[in-house]
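protein-v8.txt (compact mmCIF, C-alpha atoms)
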# COMPACT_ATOMS: atom_id res chain seq x y z
CA MET A 7 -2.01 44.69 18.35
CA THR A 8 -4.33 42.55 16.29
CA GLN A 9 -5.30 39.36 18.08
CA PRO A 10 -5.39 36.10 16.13
CA GLY A 11 -8.86 35.01 15.14
CA PRO A 12 -10.53 31.87 16.45
CA ARG A 13 -9.26 28.53 15.21
CA GLY A 14 -11.57 27.14 12.55
CA PRO A 15 -12.41 23.47 11.95
CA ALA A 16 -9.77 23.15 9.22
CA SER A 17 -6.92 24.45 11.39
CA GLU A 18 -8.02 22.33 14.36
CA HIS A 19 -8.19 19.31 12.06
CA ALA A 20 -4.64 19.95 10.80
CA ALA A 21 -3.33 20.54 14.32
CA ALA A 22 -4.63 17.13 15.42
CA LEU A 23 -2.87 15.27 12.59
CA PRO A 24 0.49 14.74 14.35
CA ASP A 25 -1.30 13.27 17.37
CA ARG A 26 -3.39 10.94 15.19
CA LEU A 27 -0.26 9.85 13.32
CA ALA A 28 1.60 9.20 16.58
CA ASP A 29 -1.35 7.17 17.86
CA VAL A 30 -1.37 4.99 14.73
CA GLN A 31 2.39 4.51 14.96
CA ALA A 32 2.08 3.49 18.62
CA ARG A 33 -0.69 1.02 17.81
CA ILE A 34 1.41 -0.51 15.02
CA ALA A 35 4.37 -0.89 17.36
CA ALA A 36 2.21 -2.47 20.07
CA ALA A 37 0.52 -4.89 17.65
CA ALA A 38 3.87 -5.96 16.24
CA THR A 39 5.48 -6.39 19.65
CA ASP A 40 2.50 -8.33 20.99
CA HIS A 41 3.00 -10.90 18.23
CA GLY A 42 6.77 -11.23 18.48
CA ARG A 43 7.59 -8.95 15.58
CA ALA A 44 9.81 -5.90 15.31
CA PRO A 45 7.79 -2.68 14.78
CA ALA A 46 10.26 -1.71 12.05
CA ASP A 47 9.13 -4.75 10.05
CA VAL A 48 5.73 -3.09 9.44
CA ARG A 49 5.68 -0.15 7.04
CA LEU A 50 2.93 2.42 7.48
CA ILE A 51 1.53 3.85 4.24
CA ALA A 52 -0.52 6.97 4.88
CA VAL A 53 -3.36 6.81 2.35
CA SER A 54 -3.58 10.39 1.17
CA LYS A 55 -6.05 10.09 -1.71
CA GLY A 56 -8.61 12.88 -1.51
CA GLN A 57 -6.51 14.78 1.04
CA PRO A 58 -5.02 18.23 0.40
CA VAL A 59 -1.33 18.78 -0.19
CA ALA A 60 -1.12 20.68 3.10
CA ALA A 61 -2.22 17.60 5.04
CA ILE A 62 0.42 15.44 3.36
CA GLU A 63 3.10 18.01 4.14
CA ALA A 64 1.93 18.16 7.76
CA ALA A 65 2.22 14.36 8.02
CA TRP A 66 5.69 14.51 6.43
CA THR A 67 6.74 17.17 8.94
CA ALA A 68 5.54 14.86 11.70
CA GLY A 69 7.83 12.12 10.39
CA GLN A 70 5.71 10.14 7.93
CA ARG A 71 7.49 9.23 4.69
CA ASP A 72 5.30 6.72 2.79
CA PHE A 73 2.08 7.93 1.14
CA GLY A 74 -0.47 6.10 -0.98
CA GLU A 75 -2.54 7.39 -3.87
CA ASN A 76 -5.17 5.75 -6.09
CA TYR A 77 -5.55 8.03 -9.10
CA VAL A 78 -2.78 8.96 -11.50
CA GLN A 79 -3.85 12.54 -12.19
CA GLU A 80 -4.29 13.34 -8.49
CA TRP A 81 -0.95 11.74 -7.66
CA GLN A 82 0.84 13.69 -10.42
CA ALA A 83 -0.42 17.01 -9.08
CA LYS A 84 0.59 16.16 -5.52
CA ALA A 85 3.99 14.78 -6.53
CA ALA A 86 4.75 18.01 -8.38
CA ALA A 87 3.60 20.18 -5.47
CA LEU A 88 5.64 18.19 -2.93
CA ALA A 89 8.76 17.55 -5.01
CA HIS A 90 10.76 19.67 -2.57
CA LEU A 91 10.27 17.18 0.28
CA PRO A 92 13.22 14.78 0.55
CA ASP A 93 12.65 11.07 1.21
CA LEU A 94 8.94 11.19 0.44
CA ARG A 95 7.96 7.80 -1.03
CA TRP A 96 4.83 7.31 -3.10
CA HIS A 97 2.89 4.05 -3.30
CA PHE A 98 0.27 3.51 -5.98
CA LEU A 99 -2.69 1.62 -4.52
CA GLY A 100 -5.46 1.78 -7.10
CA HIS A 101 -6.11 0.06 -10.40
CA LEU A 102 -3.67 1.36 -12.98
CA GLN A 103 -5.15 1.81 -16.43
CA ARG A 104 -3.03 0.19 -19.13
CA ASN A 105 -2.25 3.43 -20.92
CA LYS A 106 -1.04 5.16 -17.73
CA GLY A 107 1.61 2.74 -16.54
CA LYS A 108 4.39 4.75 -18.14
CA LEU A 109 3.38 7.75 -16.02
CA VAL A 110 4.10 6.05 -12.69
CA LEU A 111 6.76 3.43 -13.47
CA GLY A 112 10.01 4.27 -11.72
CA ARG A 113 8.38 7.23 -9.98
CA VAL A 114 6.60 5.34 -7.20
CA ALA A 115 8.18 2.98 -4.71
CA VAL A 116 5.64 0.19 -5.12
CA LEU A 117 2.64 -0.66 -7.27
CA HIS A 118 0.36 -2.51 -4.84
CA SER A 119 -2.43 -3.47 -7.22
CA VAL A 120 -1.17 -5.43 -10.23
CA ASP A 121 -4.34 -7.30 -11.04
CA ASP A 122 -4.73 -8.65 -14.58
CA MET A 123 -2.71 -10.38 -17.29
CA VAL A 124 -3.13 -7.71 -19.96
CA GLY A 125 -2.15 -5.08 -17.42
CA ILE A 126 1.00 -7.01 -16.52
CA ASP A 127 1.98 -7.23 -20.18
CA ALA A 128 1.41 -3.50 -20.72
CA LEU A 129 3.39 -2.63 -17.59
CA ALA A 130 6.26 -4.91 -18.56
CA ARG A 131 6.52 -3.36 -22.02
CA ALA A 132 6.42 0.17 -20.58
CA ALA A 133 9.04 -0.72 -17.93
CA HIS A 134 11.31 -2.24 -20.57
CA GLU A 135 11.02 0.85 -22.76
CA ALA A 136 11.71 3.14 -19.79
CA HIS A 137 14.65 1.01 -18.56
CA VAL A 138 13.25 0.83 -15.01
CA ALA A 139 12.76 -1.95 -12.47
CA GLN A 140 9.47 -1.50 -10.62
CA ASP A 141 8.55 -3.23 -7.34
CA VAL A 142 5.03 -4.64 -7.51
CA CYS A 143 2.56 -6.59 -5.39
CA LEU A 144 0.05 -8.97 -6.93
CA GLN A 145 -3.51 -8.17 -5.88
CA ILE A 146 -5.44 -11.24 -4.73
CA ASN A 147 -9.25 -11.23 -4.70
CA LEU A 148 -9.57 -13.90 -2.01
CA ALA A 149 -13.35 -13.60 -1.66
CA GLU A 150 -13.77 -13.47 -5.45
CA GLU A 151 -15.99 -10.40 -5.14
CA THR A 152 -17.28 -9.12 -8.46
CA SER A 153 -16.88 -5.54 -7.22
CA LYS A 154 -13.12 -5.92 -6.75
CA ARG A 155 -10.19 -6.57 -9.00
CA GLY A 156 -7.40 -9.07 -8.54
CA CYS A 157 -6.67 -12.68 -9.38
CA THR A 158 -8.06 -15.62 -7.43
CA ALA A 159 -5.94 -17.60 -5.00
CA ASP A 160 -6.07 -20.54 -7.43
CA ASP A 161 -4.56 -18.41 -10.20
CA ALA A 162 -1.93 -16.70 -8.04
CA GLU A 163 0.91 -19.04 -9.00
CA LEU A 164 0.24 -18.51 -12.70
CA PHE A 165 0.21 -14.73 -12.24
CA CYS A 166 3.44 -14.89 -10.23
CA ASP A 167 5.02 -16.94 -13.00
CA VAL A 168 4.10 -14.28 -15.56
CA LEU A 169 5.43 -11.50 -13.33
CA LEU A 170 8.70 -13.34 -12.83
CA ARG A 171 9.12 -13.52 -16.60
CA SER A 172 8.24 -9.86 -17.12
CA PRO A 173 11.30 -7.65 -17.54
CA GLY A 174 11.17 -4.47 -15.53
CA LEU A 175 8.72 -5.79 -12.92
CA ARG A 176 9.95 -7.12 -9.58
CA LEU A 177 7.52 -9.31 -7.68
CA ARG A 178 7.76 -8.38 -4.00
CA GLY A 179 4.59 -9.79 -2.47
CA LEU A 180 0.81 -9.93 -2.31
CA MET A 181 -1.97 -7.47 -1.57
CA THR A 182 -5.62 -7.99 -0.63
CA LEU A 183 -8.76 -6.09 0.32
CA PRO A 184 -11.07 -8.22 2.50
CA PRO A 185 -14.86 -7.96 2.23
CA PRO A 186 -16.05 -4.88 4.14
CA ARG A 187 -17.38 -5.50 7.65
CA ASP A 188 -17.77 -3.28 10.70
CA ALA A 189 -15.77 -5.48 13.07
CA ALA A 190 -12.04 -5.91 12.48
CA GLU A 191 -12.14 -9.57 13.48
CA PHE A 192 -14.19 -10.39 10.39
CA ALA A 193 -11.11 -9.56 8.32
CA ARG A 194 -8.83 -11.96 10.20
CA PRO A 195 -9.62 -15.10 8.14
CA TRP A 196 -8.86 -13.22 4.91
CA PHE A 197 -5.57 -11.92 6.24
CA ALA A 198 -4.66 -15.41 7.42
CA ARG A 199 -5.52 -16.83 4.00
CA LEU A 200 -3.22 -14.32 2.29
CA ARG A 201 -0.40 -15.26 4.65
CA THR A 202 -0.99 -18.96 3.95
CA LEU A 203 -1.00 -18.28 0.20
CA ARG A 204 2.24 -16.30 0.55
CA ASP A 205 3.87 -19.17 2.40
CA ARG A 206 2.79 -21.66 -0.25
CA LEU A 207 4.04 -19.52 -3.11
CA ALA A 208 7.34 -18.90 -1.34
CA ARG A 209 7.86 -22.66 -1.12
CA THR A 210 6.65 -23.47 -4.62
CA LEU A 211 8.62 -20.73 -6.37
CA ALA A 212 11.74 -20.86 -4.20
CA GLY A 213 14.98 -20.75 -6.16
CA ARG A 214 13.59 -19.15 -9.29
CA PRO A 215 15.27 -15.95 -10.48
CA GLY A 216 13.53 -12.90 -9.07
CA VAL A 217 11.62 -14.73 -6.32
CA PRO A 218 11.93 -12.97 -2.95
CA PRO A 219 13.52 -14.99 -0.14
CA PRO A 220 10.88 -16.80 1.96
CA HIS A 221 11.28 -14.31 4.82
CA ASP A 222 11.01 -11.26 2.56
CA TRP A 223 7.66 -11.65 0.78
CA TRP A 224 5.54 -8.58 1.46
CA LEU A 225 1.93 -8.74 2.64
CA SER A 226 0.13 -5.47 1.89
CA MET A 227 -3.06 -5.70 3.93
CA GLY A 228 -4.90 -3.84 6.67
CA MET A 229 -6.54 -0.41 6.76
CA SER A 230 -7.74 2.05 9.42
CA GLY A 231 -10.34 -0.29 10.89
CA ASP A 232 -8.35 -3.52 10.97
CA PHE A 233 -4.61 -2.88 10.65
CA GLU A 234 -3.83 -4.32 14.08
CA VAL A 235 -5.48 -7.61 13.12
CA ALA A 236 -3.56 -7.54 9.83
CA ILE A 237 -0.28 -7.11 11.70
CA ALA A 238 -1.16 -10.04 13.94
CA GLU A 239 -1.57 -12.13 10.78
CA GLY A 240 1.72 -11.02 9.23
CA ALA A 241 1.15 -7.73 7.38
CA THR A 242 4.36 -6.00 6.30
CA HIS A 243 2.62 -2.95 4.79
CA VAL A 244 -0.54 -1.40 6.25
CA ARG A 245 -2.53 1.23 4.36
CA VAL A 246 -4.07 3.72 6.80
CA GLY A 247 -5.95 6.83 5.76
CA THR A 248 -8.87 7.92 7.93
CA ALA A 249 -7.14 7.17 11.25
CA ILE A 250 -4.38 9.62 10.25
CA PHE A 251 -6.04 12.26 8.11
CA GLY A 252 -9.65 12.01 9.27
CA PRO A 253 -12.60 11.56 6.88
CA ARG A 254 -12.18 12.85 3.34
CA ALA A 255 -14.30 15.77 2.30

Will you turn the file into structure tokens for me?
Amino acid sequence: MTQPGPRGPASEHAAALPDRLADVQARIAAAATDHGRAPADVRLIAVSKGQPVAAIEAAWTAGQRDFGENYVQEWQAKAAALAHLPDLRWHFLGHLQRNKGKLVLGRVAVLHSVDDMVGIDALARAAHEAHVAQDVCLQINLAEETSKRGCTADDAELFCDVLLRSPGLRLRGLMTLPPPRDAAEFARPWFARLRTLRDRLARTLAGRPGVPPPHDWWLSMGMSGDFEVAIAEGATHVRVGTAIFGPRA
């Protein structure tokens, strides 16, 4: 009888995925519990950009349901290949070009990176034409880095006002990417600032049609290197890629 050949790096990498996913889930639960929060209040988004379809299916088989992509064409190919998987939810995390909004609206659970006025207008028109209501997060560039998109904290209320008046778009919360540093603690002040901004906006905008209740504003923040710190500061959605899938090729 033919014996199976040796396990190669790819198969060993795939075999380790359920354990890495379980480790991330356990760390999320511990971080939430340590800060008086319910683990179920933190949604894990497995960032699958650059990962093969087989890896996403392996994560789904291990119980993961939310996946994040950054590029429309890559997401379309993966969504078509994995259309047979029930309950798989896609999140769009990258900058969405104005002419591609109609391709994702109503087909992803959340757009996490609404980041400019013209883009909001284009999205709203596309959503109205498609008769969809799309959950979105406003991207905040807290450090005002020229290399990143997003509105400033000072302009956040104006952007929220425009979103609230945009048919087809449902403001659900805020998203941020802190300046890159090696130590997770360096991200803490930025996460705390987003939470503080969320609290201020929830008070200022309370009572307006379409404004989430104060306790239900989302904070999309935290990645593989700092998601536990983000949870300590109030993250409701953490975007974790490398810690689950390993480095991209």

For A:Ala193, find every residue with an atom within 9 Å (counting only C-alpha atoms), except residues of its own chain fewer than 5 positions away, and show them as an NGL selection string.
:A and (184-187 or 198 or 228 or 232 or 235-236)

Using only C-alpha atoms, the best pick from A:Leu50, A:Ala133, A:Leu148, A:Ile34 as closest to A:Ser172 would be A:Ala133

Nearby residues, (-7.8, -17.7, -2.7) file frame, 9 Å, only C-alpha atoms, as number ranges by chain
A: 146-150, 157-162, 196, 199-200, 203

Find the nearest atom pair between each residue of stretch 163-248 of chain A and stretch 87-107 of chain A for residues within 10 Å, count all atoms listed in the file, give distances in Å to one decimal, sort rows by chain and ascending number, and present the table as a tab-separated table.
residue	atom	partner	partner_atom	distance
A:Met181	CA	A:Leu99	CA	9.6
A:Ser226	CA	A:Leu99	CA	10.0
A:Arg245	CA	A:Leu99	CA	8.9

With C-alpha atoms retained, could you export that selection as a PDB file, keeping the file's coordinate frame?
ATOM      1  CA  MET A 181      -1.970  -7.470  -1.570  1.00  0.00           C
ATOM      2  CA  SER A 226       0.130  -5.470   1.890  1.00  0.00           C
ATOM      3  CA  ARG A 245      -2.530   1.230   4.360  1.00  0.00           C
TER       4      ARG A 245
END

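Nearest-residue note for A:Gln79: choosing from A:Gly42, A:Pro173, A:Pro195, A:Gly56, the minimum distance belongs to A:Gly56, counting all atoms listed in the file.
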
Residues within 6 Å of (1.5, -0.8, 16.0), file coordinates, counting all atoms listed in the file: what are they? Give the list as an mmCIF file with C-alpha atoms, in the frame of the given file.
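Heads up, here's the output in selection_18.cif:
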data_model
loop_
_atom_site.group_PDB
_atom_site.id
_atom_site.type_symbol
_atom_site.label_atom_id
_atom_site.label_comp_id
_atom_site.auth_asym_id
_atom_site.auth_seq_id
_atom_site.Cartn_x
_atom_site.Cartn_y
_atom_site.Cartn_z
ATOM 1 C CA GLN A 31 2.390 4.510 14.960
ATOM 2 C CA ALA A 32 2.080 3.490 18.620
ATOM 3 C CA ARG A 33 -0.690 1.020 17.810
ATOM 4 C CA ILE A 34 1.410 -0.510 15.020
ATOM 5 C CA ALA A 35 4.370 -0.890 17.360
ATOM 6 C CA ALA A 36 2.210 -2.470 20.070
ATOM 7 C CA ALA A 37 0.520 -4.890 17.650
ATOM 8 C CA ALA A 38 3.870 -5.960 16.240
#

Expressed in Å, the length from atom CA of A:Thr202 to atom CA of A:Asp188 is 23.9 Å

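The closest residue to A:Ser230, picked from A:Pro218, A:Arg71, A:Asp205, A:Ala190 and counting all atoms listed in the file, is A:Ala190.
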
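Minimum distance to A:Ala132 across A:Glu75, A:Leu175, A:Ser119, A:Thr152 (counting all atoms listed in the file) occurs at A:Leu175.
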
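Interatomic distance, atom CA of A:Leu23 to atom CA of A:Ala64: 7.4 Å.
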
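The interatomic distance for the pair atom CA of A:Val246 and atom CA of A:Phe233 works out to 7.7 Å.
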
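Shortest atom-to-atom contact with A:Gln140 among A:Met123, A:Ala212, A:Val48, A:Leu117: A:Leu117, counting all atoms listed in the file.
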
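Proximity ranking of A:Arg194, A:Lys84, A:Lys55, A:Arg178 relative to A:Ala238 places A:Arg194 first, based on only C-alpha atoms.
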
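Using all atoms listed in the file, the residues found no farther than 12 Å from A:Thr210, other than those of its own chain fewer than 3 positions away, are Ala162, Glu163, Leu164, Cys166, Asp167, Leu203, Arg204, Asp205, Arg206, Leu207, Gly213, Arg214, Val217, Pro218, Pro219 and Pro220 of chain A.
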